[in-house]
Amino acid sequence: MSAPPGNWEGQSTSRPLLFNGQYYSWWKNRMRDHIIREDYELWDIVTDGPLATLKINVEGVEVPKTRSNCTVEDLKKWEKNDKAKKWLVKRSRGTLLYSQYENFAMKEGETIQEMYTRFTTLTNELKSLRRIIPKEDRVEKILTRVLPITWESKITVI
């Protein structure tokens, strides 16, 4: 398993790292460790699927229990399943938004204000998922990669 050289994003113990397409084995192990730190049973749910709450009906076939038939243990299983699902959805949302941030570009015919509003909305959504992008990085991105070539002289002055 090769690890990325130097300082790597995601050294935080409270926030998982983003997979950037390289060092998959290293990333996979780090993600497994992160999920297990959250809750050991979450890893089982992620790898094996949701915890089952089944009962046997009159024909002798296993069917899902209704809420009224659930025990306290069954309700805890439902809670764990929901926690795992929420974690995965939140993680997927963060990955999607970060991908949009990385590929962000000014649309043709879009004003600077419209572009900046879209950019701010995107970075605020990332922030709400605890994926904070430093102000310096946001400014650099707009100045060097988002604004069209017609803005080159203004960028140079700035």
# chains A, B, ... in the order shown; residues from 1 in each chain; ligands from 1

call {"tool": "select_by_dssp", "arguments": {"residues": "range 12-65 of chain A", "states": "alpha helix (DSSP H)", "output": "PyMOL selection string"}}
result
chain A and resi 24-38+40-48

call {"tool": "residues_around", "arguments": {"residues": "range 110-118 of chain A", "least_positions_apart": "4", "cutoff": "12 Å", "atoms": "only C-alpha atoms", "output": "list in words"}}
result
Gln100, Tyr101, Phe104, Ala105, Met106, Leu122, Thr123, Asn124, Glu125, Arg138, Val139, Lys141, Ile142, Leu143, Val146, Leu147, Pro148 and Trp151 of chain A

call {"tool": "write_last_selection", "arguments": {"atoms": "C-alpha atoms", "output": "mmCIF file, in the first residue's frame"}}
result
data_model
loop_
_atom_site.group_PDB
_atom_site.id
_atom_site.type_symbol
_atom_site.label_atom_id
_atom_site.label_comp_id
_atom_site.auth_asym_id
_atom_site.auth_seq_id
_atom_site.Cartn_x
_atom_site.Cartn_y
_atom_site.Cartn_z
ATOM 1 C CA GLN A 100 -18.219 20.802 -8.675
ATOM 2 C CA TYR A 101 -15.859 23.186 -6.848
ATOM 3 C CA PHE A 104 -16.094 25.390 -11.360
ATOM 4 C CA ALA A 105 -16.035 27.743 -14.336
ATOM 5 C CA MET A 106 -17.763 30.925 -15.349
ATOM 6 C CA LEU A 122 -21.221 26.160 -3.547
ATOM 7 C CA THR A 123 -18.537 26.974 -0.961
ATOM 8 C CA ASN A 124 -21.197 27.589 1.712
ATOM 9 C CA GLU A 125 -22.742 24.175 1.018
ATOM 10 C CA ARG A 138 -11.095 30.489 -3.057
ATOM 11 C CA VAL A 139 -9.603 33.832 -4.142
ATOM 12 C CA LYS A 141 -9.262 29.836 -7.798
ATOM 13 C CA ILE A 142 -11.404 32.735 -8.997
ATOM 14 C CA LEU A 143 -8.441 34.832 -10.091
ATOM 15 C CA VAL A 146 -12.467 30.851 -13.164
ATOM 16 C CA LEU A 147 -12.409 34.281 -14.749
ATOM 17 C CA PRO A 148 -12.242 34.340 -18.547
ATOM 18 C CA TRP A 151 -10.093 39.596 -17.441
#

call {"tool": "select_by_dssp", "arguments": {"residues": "chain A", "states": "strand (DSSP E)", "output": "list in words"}}
result
Leu54, Lys55, Ile56, Glu62, Val63 and Pro64 of chain A

call {"tool": "residues_around", "arguments": {"residues": "range 48-53 of chain A", "least_positions_apart": "3", "cutoff": "12 Å", "atoms": "only C-alpha atoms", "output": "ChimeraX atom specification"}}
result
/A:41-45,56,62-67,69-85

call {"tool": "decode", "arguments": {"residues": "range 68-82 of chain A", "atoms": "all heavy atoms", "output": "JSON list (two decimals), in the first residue's frame"}}
result
[["chain", "number", "residue", "atom", "x", "y", "z"],
["A", 68, "SER", "N", -44.87, -1.45, 14.61],
["A", 68, "SER", "CA", -45.63, -1.93, 15.77],
["A", 68, "SER", "C", -45.14, -3.30, 16.26],
["A", 68, "SER", "O", -45.35, -3.65, 17.42],
["A", 68, "SER", "CB", -47.13, -2.00, 15.43],
["A", 68, "SER", "OG", -47.34, -2.91, 14.37],
["A", 69, "ASN", "N", -44.49, -4.07, 15.40],
["A", 69, "ASN", "CA", -43.97, -5.39, 15.79],
["A", 69, "ASN", "C", -42.52, -5.35, 16.26],
["A", 69, "ASN", "O", -41.97, -6.39, 16.60],
["A", 69, "ASN", "CB", -44.06, -6.36, 14.61],
["A", 69, "ASN", "CG", -45.48, -6.67, 14.23],
["A", 69, "ASN", "OD1", -46.38, -6.60, 15.06],
["A", 69, "ASN", "ND2", -45.70, -7.00, 12.98],
["A", 70, "CYS", "N", -41.90, -4.18, 16.22],
["A", 70, "CYS", "CA", -40.47, -4.08, 16.54],
["A", 70, "CYS", "C", -40.23, -4.07, 18.04],
["A", 70, "CYS", "O", -40.99, -3.48, 18.81],
["A", 70, "CYS", "CB", -39.88, -2.82, 15.93],
["A", 70, "CYS", "SG", -39.62, -2.95, 14.17],
["A", 71, "THR", "N", -39.12, -4.68, 18.40],
["A", 71, "THR", "CA", -38.65, -4.64, 19.78],
["A", 71, "THR", "C", -37.69, -3.45, 19.91],
["A", 71, "THR", "O", -37.35, -2.81, 18.91],
["A", 71, "THR", "CB", -37.89, -5.93, 20.14],
["A", 71, "THR", "OG1", -36.71, -6.01, 19.31],
["A", 71, "THR", "CG2", -38.76, -7.16, 19.94],
["A", 72, "VAL", "N", -37.25, -3.20, 21.13],
["A", 72, "VAL", "CA", -36.28, -2.12, 21.35],
["A", 72, "VAL", "C", -35.00, -2.40, 20.55],
["A", 72, "VAL", "O", -34.41, -1.50, 19.95],
["A", 72, "VAL", "CB", -35.97, -1.97, 22.86],
["A", 72, "VAL", "CG1", -34.84, -1.01, 23.09],
["A", 72, "VAL", "CG2", -37.22, -1.54, 23.61],
["A", 73, "GLU", "N", -34.60, -3.66, 20.50],
["A", 73, "GLU", "CA", -33.41, -4.05, 19.74],
["A", 73, "GLU", "C", -33.60, -3.78, 18.24],
["A", 73, "GLU", "O", -32.69, -3.30, 17.56],
["A", 73, "GLU", "CB", -33.11, -5.52, 19.97],
["A", 73, "GLU", "CG", -31.82, -5.98, 19.32],
["A", 73, "GLU", "CD", -31.54, -7.45, 19.56],
["A", 73, "GLU", "OE1", -31.68, -7.90, 20.72],
["A", 73, "GLU", "OE2", -31.19, -8.14, 18.59],
["A", 74, "ASP", "N", -34.79, -4.07, 17.72],
["A", 74, "ASP", "CA", -35.09, -3.80, 16.31],
["A", 74, "ASP", "C", -35.01, -2.31, 16.01],
["A", 74, "ASP", "O", -34.48, -1.90, 14.98],
["A", 74, "ASP", "CB", -36.48, -4.32, 15.94],
["A", 74, "ASP", "CG", -36.57, -5.84, 15.95],
["A", 74, "ASP", "OD1", -35.53, -6.49, 15.76],
["A", 74, "ASP", "OD2", -37.69, -6.35, 16.16],
["A", 75, "LEU", "N", -35.56, -1.51, 16.91],
["A", 75, "LEU", "CA", -35.52, -0.05, 16.71],
["A", 75, "LEU", "C", -34.08, 0.46, 16.72],
["A", 75, "LEU", "O", -33.74, 1.37, 15.96],
["A", 75, "LEU", "CB", -36.36, 0.66, 17.76],
["A", 75, "LEU", "CG", -37.87, 0.40, 17.68],
["A", 75, "LEU", "CD1", -38.59, 1.05, 18.85],
["A", 75, "LEU", "CD2", -38.44, 0.88, 16.36],
["A", 76, "LYS", "N", -33.22, -0.14, 17.54],
["A", 76, "LYS", "CA", -31.80, 0.24, 17.54],
["A", 76, "LYS", "C", -31.15, -0.12, 16.21],
["A", 76, "LYS", "O", -30.31, 0.62, 15.70],
["A", 76, "LYS", "CB", -31.07, -0.42, 18.70],
["A", 76, "LYS", "CG", -31.38, 0.21, 20.04],
["A", 76, "LYS", "CD", -30.61, -0.44, 21.16],
["A", 76, "LYS", "CE", -30.99, 0.23, 22.49],
["A", 76, "LYS", "NZ", -30.29, -0.38, 23.62],
["A", 77, "LYS", "N", -31.55, -1.25, 15.63],
["A", 77, "LYS", "CA", -31.03, -1.64, 14.31],
["A", 77, "LYS", "C", -31.46, -0.62, 13.26],
["A", 77, "LYS", "O", -30.67, -0.23, 12.41],
["A", 77, "LYS", "CB", -31.54, -3.04, 13.92],
["A", 77, "LYS", "CG", -30.89, -4.17, 14.67],
["A", 77, "LYS", "CD", -31.46, -5.50, 14.18],
["A", 77, "LYS", "CE", -30.85, -6.68, 14.90],
["A", 77, "LYS", "NZ", -31.43, -7.95, 14.43],
["A", 78, "TRP", "N", -32.72, -0.21, 13.31],
["A", 78, "TRP", "CA", -33.21, 0.80, 12.36],
["A", 78, "TRP", "C", -32.41, 2.09, 12.52],
["A", 78, "TRP", "O", -32.06, 2.74, 11.53],
["A", 78, "TRP", "CB", -34.70, 1.08, 12.59],
["A", 78, "TRP", "CG", -35.63, 0.04, 12.05],
["A", 78, "TRP", "CD1", -35.31, -1.20, 11.58],
["A", 78, "TRP", "CD2", -37.04, 0.17, 11.92],
["A", 78, "TRP", "NE1", -36.44, -1.85, 11.17],
["A", 78, "TRP", "CE2", -37.52, -1.04, 11.37],
["A", 78, "TRP", "CE3", -37.95, 1.16, 12.23],
["A", 78, "TRP", "CZ2", -38.86, -1.27, 11.11],
["A", 78, "TRP", "CZ3", -39.29, 0.93, 11.96],
["A", 78, "TRP", "CH2", -39.74, -0.27, 11.41],
["A", 79, "GLU", "N", -32.15, 2.46, 13.75],
["A", 79, "GLU", "CA", -31.38, 3.68, 14.02],
["A", 79, "GLU", "C", -29.97, 3.57, 13.43],
["A", 79, "GLU", "O", -29.48, 4.51, 12.81],
["A", 79, "GLU", "CB", -31.32, 3.90, 15.53],
["A", 79, "GLU", "CG", -30.71, 5.21, 15.94],
["A", 79, "GLU", "CD", -30.72, 5.38, 17.45],
["A", 79, "GLU", "OE1", -31.80, 5.26, 18.06],
["A", 79, "GLU", "OE2", -29.63, 5.62, 18.00],
["A", 80, "LYS", "N", -29.34, 2.42, 13.61],
["A", 80, "LYS", "CA", -27.99, 2.20, 13.05],
["A", 80, "LYS", "C", -28.03, 2.25, 11.53],
["A", 80, "LYS", "O", -27.15, 2.84, 10.90],
["A", 80, "LYS", "CB", -27.42, 0.85, 13.50],
["A", 80, "LYS", "CG", -27.05, 0.77, 14.94],
["A", 80, "LYS", "CD", -25.75, 1.47, 15.20],
["A", 80, "LYS", "CE", -25.35, 1.23, 16.64],
["A", 80, "LYS", "NZ", -24.17, 1.94, 17.00],
["A", 81, "ASN", "N", -29.04, 1.61, 10.93],
["A", 81, "ASN", "CA", -29.16, 1.64, 9.47],
["A", 81, "ASN", "C", -29.31, 3.08, 8.97],
["A", 81, "ASN", "O", -28.69, 3.47, 7.99],
["A", 81, "ASN", "CB", -30.36, 0.81, 9.02],
["A", 81, "ASN", "CG", -30.16, -0.68, 9.22],
["A", 81, "ASN", "OD1", -29.05, -1.15, 9.35],
["A", 81, "ASN", "ND2", -31.26, -1.42, 9.26],
["A", 82, "ASP", "N", -30.15, 3.85, 9.64],
["A", 82, "ASP", "CA", -30.35, 5.25, 9.25],
["A", 82, "ASP", "C", -29.09, 6.07, 9.43],
["A", 82, "ASP", "O", -28.77, 6.93, 8.61],
["A", 82, "ASP", "CB", -31.50, 5.87, 10.04],
["A", 82, "ASP", "CG", -32.86, 5.36, 9.58],
["A", 82, "ASP", "OD1", -32.94, 4.80, 8.47],
["A", 82, "ASP", "OD2", -33.83, 5.51, 10.34]]
